[in-house]
Amino acid sequence: MVLVTTIRQVLAIADALERAAVRRYESLGACMRRVGHADLARVFEALAQEERQHVENVEHLAQASQSSGPSDDISELMLPETFEIGDAAAAALLTPYKALSLAVRGEEQAFSFWTYVASEAANAEVRAQAEAMARQELVHAAKLRHERRRAYHAERQRKQPETVDTLDDATLRSFIGRQERETATTLRDAARHLDGEVDPTLLHLIRGFAASLSAEPSVVAPTTETATLIQRAAAVGAVGILFEAAGSVEQLIEQYLVLLRRSEHASGLEDVSRRCEHATAAVAGLNACLYALEPSLAELAQHAPSGIRLEAHP
């Protein structure tokens, strides 16, 4: 990935990403209206309006920085993936959960990109602006994750997922082991970066859950891509680290849910279900602390489980 070295490049990239986000949310909103999900359509339409405001903000920043506008050549930069939904047939197949998953992916990729820019920037002004952009994407992604969890549970209540392409116990356990080790590596790296920055209760939660996933020692130097994501997220501070840590656990939960649909064995189902419940409690704790640290997410804190009381140090 080519390094971003100037404010003009930052503004050019931000302009491109925000305009792509406007199109994405407009498209998702229209899709949800066509298939009868007006409430979710309004969520996407509101996000599209927020992104339009972000485009205007970028234009104002360009003017304030005495730039002629966000027009620098960014063709050599590896920007986050964007997508368009132009196929009406494909759009009709989108459930609320799938639509929100697409939206979450877009915001997570943008967050990861901006944390990369911030962590690699030599210029203090570029670094500060990239951090601001990253936090903006984090807030949107956290809200969308919240909506995605609600959509999943709503869909589960309406119908039971079909059991297809079943797995045997040996394959099931092998797959779970690999996914859990990856998540444990991410969480241990997160705990290292958060040590001294947040309440010890939160560190105990992270380390305890990581230990329950994998007995591998936490002193091993992080070498995986997921650990690198935590290091980059640290550019945004504790909220960035918590965001990536919670995301890693949510990805694990999604894998558990897939496995629950693909296992016919009672013993396997019981074990995966127990692990899924354990992971759900852990991600709830991570999110509760994330919401406490980020004022923009205050309304989501009202929906945090009442049994979780984690406070982060200012």
# chains A, B, ... in the order shown; residues from 1 in each chain; ligands from 1
>>> residues_around(residues="His146 of chain A", least_positions_apart="4", cutoff="10 Å", atoms="only C-alpha atoms", output="PyMOL selection string")
chain A and resi 100+104+141-142+150-151+287+300+303
>>> select_by_dssp(residues="segment 98-309 of chain A", states="helix (DSSP H, G or I)", output="count of residues only")
170
>>> closest_atom_pairs(of="segment 103-162 of chain A", to="segment 238-257 of chain A", cutoff="10 Å", atoms="only C-alpha atoms", output="tab-separated table")
residue	atom	partner	partner_atom	distance
A:Glu108	CA	A:Glu244	CA	8.9
A:Phe111	CA	A:Gly240	CA	8.9
A:Ser112	CA	A:Glu244	CA	9.1
A:Thr115	CA	A:Gly240	CA	8.6
A:Glu131	CA	A:Gly240	CA	9.7
A:Ala134	CA	A:Gly240	CA	8.4
A:Arg135	CA	A:Gly240	CA	7.5
A:Leu138	CA	A:Phe243	CA	7.2
A:Val139	CA	A:Phe243	CA	9.3
A:Ala141	CA	A:Phe243	CA	9.0
A:Ala142	CA	A:Phe243	CA	7.5
A:Arg145	CA	A:Gly247	CA	8.7
A:Arg149	CA	A:Glu250	CA	9.4
A:Pro161	CA	A:Leu257	CA	9.9
>>> write_last_selection(atoms="N, CA and C atoms", output="PDB file, in the first residue's frame")
ATOM      1  N   GLU A 108     -15.910  -1.143   8.324  1.00  0.00           N
ATOM      2  CA  GLU A 108     -14.729  -1.766   8.931  1.00  0.00           C
ATOM      3  C   GLU A 108     -13.509  -1.621   8.019  1.00  0.00           C
ATOM      4  N   PHE A 111     -12.337   1.941   8.259  1.00  0.00           N
ATOM      5  CA  PHE A 111     -11.654   2.151   9.540  1.00  0.00           C
ATOM      6  C   PHE A 111     -10.241   1.589   9.491  1.00  0.00           C
ATOM      7  N   SER A 112     -10.106   0.365   8.996  1.00  0.00           N
ATOM      8  CA  SER A 112      -8.796  -0.266   8.910  1.00  0.00           C
ATOM      9  C   SER A 112      -7.856   0.547   8.023  1.00  0.00           C
ATOM     10  N   THR A 115      -6.748   3.747   9.943  1.00  0.00           N
ATOM     11  CA  THR A 115      -5.794   3.465  11.014  1.00  0.00           C
ATOM     12  C   THR A 115      -4.419   3.128  10.439  1.00  0.00           C
ATOM     13  N   GLU A 131      -6.643   9.986  11.942  1.00  0.00           N
ATOM     14  CA  GLU A 131      -7.247   9.510  13.182  1.00  0.00           C
ATOM     15  C   GLU A 131      -8.688   9.968  13.295  1.00  0.00           C
ATOM     16  N   ALA A 134     -10.757   7.866  10.984  1.00  0.00           N
ATOM     17  CA  ALA A 134     -10.910   6.519  11.522  1.00  0.00           C
ATOM     18  C   ALA A 134     -11.986   6.479  12.597  1.00  0.00           C
ATOM     19  N   ARG A 135     -11.976   7.462  13.479  1.00  0.00           N
ATOM     20  CA  ARG A 135     -12.970   7.494  14.555  1.00  0.00           C
ATOM     21  C   ARG A 135     -14.380   7.652  13.977  1.00  0.00           C
ATOM     22  N   LEU A 138     -15.404   4.336  12.757  1.00  0.00           N
ATOM     23  CA  LEU A 138     -15.639   3.464  13.902  1.00  0.00           C
ATOM     24  C   LEU A 138     -17.039   3.660  14.461  1.00  0.00           C
ATOM     25  N   VAL A 139     -17.461   4.906  14.599  1.00  0.00           N
ATOM     26  CA  VAL A 139     -18.774   5.195  15.162  1.00  0.00           C
ATOM     27  C   VAL A 139     -19.871   4.606  14.285  1.00  0.00           C
ATOM     28  N   ALA A 141     -19.585   2.102  12.133  1.00  0.00           N
ATOM     29  CA  ALA A 141     -19.500   0.641  12.155  1.00  0.00           C
ATOM     30  C   ALA A 141     -20.066   0.072  13.449  1.00  0.00           C
ATOM     31  N   ALA A 142     -19.787   0.726  14.578  1.00  0.00           N
ATOM     32  CA  ALA A 142     -20.299   0.239  15.860  1.00  0.00           C
ATOM     33  C   ALA A 142     -21.825   0.275  15.884  1.00  0.00           C
ATOM     34  N   ARG A 145     -23.071  -2.528  13.613  1.00  0.00           N
ATOM     35  CA  ARG A 145     -22.936  -3.840  14.263  1.00  0.00           C
ATOM     36  C   ARG A 145     -24.101  -4.072  15.216  1.00  0.00           C
ATOM     37  N   ARG A 149     -26.820  -7.145  14.937  1.00  0.00           N
ATOM     38  CA  ARG A 149     -27.159  -8.128  15.971  1.00  0.00           C
ATOM     39  C   ARG A 149     -28.676  -8.211  16.170  1.00  0.00           C
ATOM     40  N   PRO A 161     -32.951 -21.652  10.640  1.00  0.00           N
ATOM     41  CA  PRO A 161     -32.095 -21.844   9.466  1.00  0.00           C
ATOM     42  C   PRO A 161     -32.034 -23.302   9.062  1.00  0.00           C
TER      43      PRO A 161
END
>>> closest_residue(among="A:Glu147, A:Glu120, A:Asp15, A:Glu137", to="Asp39 of chain A", atoms="only C-alpha atoms")
A:Glu147
>>> residues_around(residues="segment 192-197 of chain A", least_positions_apart="2", cutoff="7 Å", atoms="only C-alpha atoms", output="VMD selection string")
chain A and resid 188 to 190 238 313
>>> closest_residue(among="A:Ala279, A:Leu260, A:Ile176, A:Ala211", to="Ala191 of chain A", atoms="only C-alpha atoms")
A:Ala211
>>> closest_residue(among="A:Ala14, A:Val35, A:Ala41, A:Ala124", to="His54 of chain A", atoms="only C-alpha atoms")
A:Ala14
>>> atom_distance(atom1="atom CA of Arg8 of chain A", atom2="atom CA of Arg232 of chain A")
22.0 Å
>>> atom_distance(atom1="atom CA of Leu3 of chain A", atom2="atom CA of Gln231 of chain A")
17.0 Å
>>> residues_around(residues="Leu293 of chain A", least_positions_apart="2", cutoff="7 Å", atoms="only C-alpha atoms", output="list in words")
Val239, Cys289, Leu290, Tyr291, Pro295 and Ala312 of chain A
>>> write_last_selection(atoms="C-alpha atoms", output="tab-separated table (two decimals), in the first residue's frame")
chain	number	residue	atom	x	y	z
A	239	VAL	CA	-11.64	2.96	21.45
A	289	CYS	CA	-16.70	-0.36	27.58
A	290	LEU	CA	-16.45	0.90	23.99
A	291	TYR	CA	-19.76	2.73	24.36
A	295	PRO	CA	-19.66	9.68	23.61
A	312	ALA	CA	-13.03	2.68	31.59
>>> closest_residue(among="A:Met32, A:Ile7, A:Ala118, A:Ala233", to="Gln63 of chain A", atoms="only C-alpha atoms")
A:Ile7
>>> atom_distance(atom1="atom CA of Val55 of chain A", atom2="atom CA of Ala301 of chain A")
28.2 Å
